[in-house]
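Just below is one structure, and these are the notes that go with it.
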Amino acid sequence: MTKFTRTWWGDRFIKALESFTDERRLQRGRAYASGGKVLSFDIDKNHINAQVRGSVNPYFGVYKEPTYNISIEITPIAKTRWKEAINKLSSKASIVSRLLINEVPENIEDTFSDFGLHLLPHSRQDFQTKCSCPDYANPCKHIAGVYYLVASQLDHNPFLLFELRGLSKTELQTQLAQTPLGKALSQELNIEEIPVEASTSFYTKLQKKLVVTQPSPREFWLGTKRLPQTIDVPTTGGVSAILIKKQGDFLPFWQKDNSFIAAMEELYQRVKTKNQNLM
């Protein structure tokens with residue numbers, strides 16, 4: 001069976017659902033999602049509303065194709081707990097830097113678990129769902145179909161994980177940017193690009209300088225001032241490949257299932273290490 005989602009966060013959302021949802025209903029919901037049965041679909045913060053086209057089923061007294069209304073509410077994280085989470089996240093440079101350049105780290109759920117919180121669905125209590133169909137089971141196949149569409153939305157917008165838990169992407173990045181570590185990283189992100197200036201020559205033009213006094217042979221070869229014995233090489237604390245990473249994992253021209261950033265990192269690593277044994 002081909003994968004319904006392209007990214008790890010969409011895949012993990014489905015796997016989290018599978019841990020506490022009937023597998024057969026999820027499979028039927030998958031067929032509904034991929035078969036175009038979901039007529040409308042809207043996400044507003046942690047509320048999801050949808051309309052799904054049902055099936056004719058005389059057993060339930062349904063003799064013509066119906067339309068069912070779906071309502072899903074995901075339990076948000078309390079504001080006080082969000083404040084605690086932001087304070088703890090702000091001490092982790094690897095996480096803050098990636099969140100500020102529109103990436104969601106692969107270990108984000110593990111990090112939240114250390115705080116006693118969860119971004120991904122953790123249990124049935126994370127959902128309040130309703131469907132107007134006559135099926136007594138919850139979730140029914142119509143709700144399960146909407147779950148799959150939420151997972152596909154995560155492919156395009158992984159920050160939906162935060163929004164479904166009560167914090168928008170803008171709020172998250174604004175609060176992280178106000179922390180000491182976030183301020184330092186934001187300065188790196190907001191550096192203005194130096195405009196390219198046209199040059200008339202590939203080489204630096206020589207400039208004539210009038211010599212007032214003739215230097216001695218020693219001064220000519222060694223200079224008038226002694227050179228420093230050591231040279232301090234400045235180290236940069238910025239984020240590597242920041243211009244590429246700011247664009248995200250799936251650019252419009254990138255049609256493959258794997259991340260564009262991951263593919264480029266692998267390519268550059270291979271180029272970097274090629275023929276090292278010959279040196």
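In the structure tokens, each chain is lettered A, B, ... as it comes, each chain's residues begin at 1, and ligands are numbered from 1 in order of appearance.
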Surrounding residues of Glu109 in chain A excluding itself and chain neighbours under 5 positions, 12 Å, only C-alpha atoms, as a compact mmCIF listing (two decimals) with N, CA, C and O atoms, in the first residue's frame:
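Contents of out19.txt, freshly written:
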# COMPACT_ATOMS: atom_id res chain seq x y z
N TRP A 8 7.55 12.98 7.53
CA TRP A 8 7.56 12.21 8.77
C TRP A 8 6.46 12.66 9.71
O TRP A 8 5.88 11.86 10.44
N TRP A 9 6.13 13.99 9.73
CA TRP A 9 5.13 14.47 10.70
C TRP A 9 3.73 14.01 10.31
O TRP A 9 2.93 13.67 11.17
N ARG A 12 3.70 10.27 11.20
CA ARG A 12 3.61 10.03 12.63
C ARG A 12 2.23 10.39 13.18
O ARG A 12 1.78 9.81 14.17
N PHE A 13 1.56 11.35 12.54
CA PHE A 13 0.19 11.68 12.95
C PHE A 13 -0.73 10.47 12.74
O PHE A 13 -1.53 10.12 13.60
N ALA A 16 0.15 7.70 15.21
CA ALA A 16 -0.38 7.99 16.54
C ALA A 16 -1.86 7.63 16.61
O ALA A 16 -2.33 7.08 17.62
N ALA A 85 6.51 25.54 28.19
CA ALA A 85 7.17 24.85 27.08
C ALA A 85 8.10 25.78 26.31
O ALA A 85 9.22 25.40 25.94
N LEU A 89 11.99 25.27 25.69
CA LEU A 89 12.47 25.17 24.31
C LEU A 89 13.56 26.21 24.02
O LEU A 89 14.48 25.96 23.24
N ILE A 95 16.76 23.32 18.32
CA ILE A 95 15.32 23.35 18.08
C ILE A 95 14.87 24.77 17.73
O ILE A 95 14.11 24.98 16.77
N VAL A 104 10.28 21.99 11.38
CA VAL A 104 9.88 21.32 12.61
C VAL A 104 10.85 20.16 12.84
O VAL A 104 10.90 19.23 12.03
N ASP A 114 9.22 15.14 27.18
CA ASP A 114 10.05 15.42 28.36
C ASP A 114 9.40 16.48 29.25
O ASP A 114 9.64 16.51 30.46
N PHE A 115 8.57 17.35 28.64
CA PHE A 115 7.87 18.38 29.41
C PHE A 115 6.54 17.87 29.96
O PHE A 115 5.84 18.60 30.66
N GLY A 116 6.18 16.62 29.61
CA GLY A 116 4.88 16.10 30.02
C GLY A 116 3.76 16.54 29.11
O GLY A 116 2.58 16.53 29.49
N LEU A 117 4.10 16.95 27.86
CA LEU A 117 3.11 17.43 26.89
C LEU A 117 3.21 16.61 25.61
O LEU A 117 4.16 15.85 25.41
N HIS A 118 2.21 16.79 24.73
CA HIS A 118 2.20 16.07 23.45
C HIS A 118 1.66 16.99 22.35
O HIS A 118 0.65 17.66 22.55
N LEU A 119 2.36 17.02 21.22
CA LEU A 119 1.84 17.69 20.02
C LEU A 119 0.99 16.73 19.21
O LEU A 119 -0.10 17.06 18.75
N LEU A 120 1.50 15.52 19.00
CA LEU A 120 0.77 14.50 18.26
C LEU A 120 -0.35 13.91 19.12
O LEU A 120 -0.29 13.99 20.34
N PRO A 121 -1.38 13.33 18.48
CA PRO A 121 -2.43 12.66 19.26
C PRO A 121 -1.83 11.60 20.17
O PRO A 121 -0.97 10.83 19.76
N HIS A 122 -2.30 11.58 21.40
CA HIS A 122 -1.73 10.67 22.39
C HIS A 122 -2.76 9.64 22.88
O HIS A 122 -2.39 8.52 23.23
N LEU A 161 0.69 21.29 13.55
CA LEU A 161 0.78 20.54 14.80
C LEU A 161 0.63 21.46 16.01
O LEU A 161 -0.06 21.14 16.98
N PHE A 162 1.27 22.63 15.93
CA PHE A 162 1.20 23.59 17.03
C PHE A 162 -0.16 24.28 17.06
O PHE A 162 -0.73 24.49 18.13
Handout entry: Nearest residue to Ser132 in chain A from the set A:Pro195, A:Tyr68, A:Val96, A:Gly166 (distances using only C-alpha atoms)
Key = A:Tyr68
Handout entry: Selection near Lys37 in chain A, 8 Å with only C-alpha atoms, sequence-local residues under 5 positions removed, as a count of residues only
Key = 4
Practice task
Would you mind listing what lies within 10 Å of range 140-142 of chain A as a VMD selection string, with only C-alpha atoms counted and same-chain residues fewer than 4 positions away left out?
Solution key: chain A and resid 22 24 to 33 37 to 38 50 to 54 68 to 70 129 to 136 146 to 147
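Interatomic distance, CA of Gln269 in chain A to CA of Ile101 in chain A: 21.6 Å.
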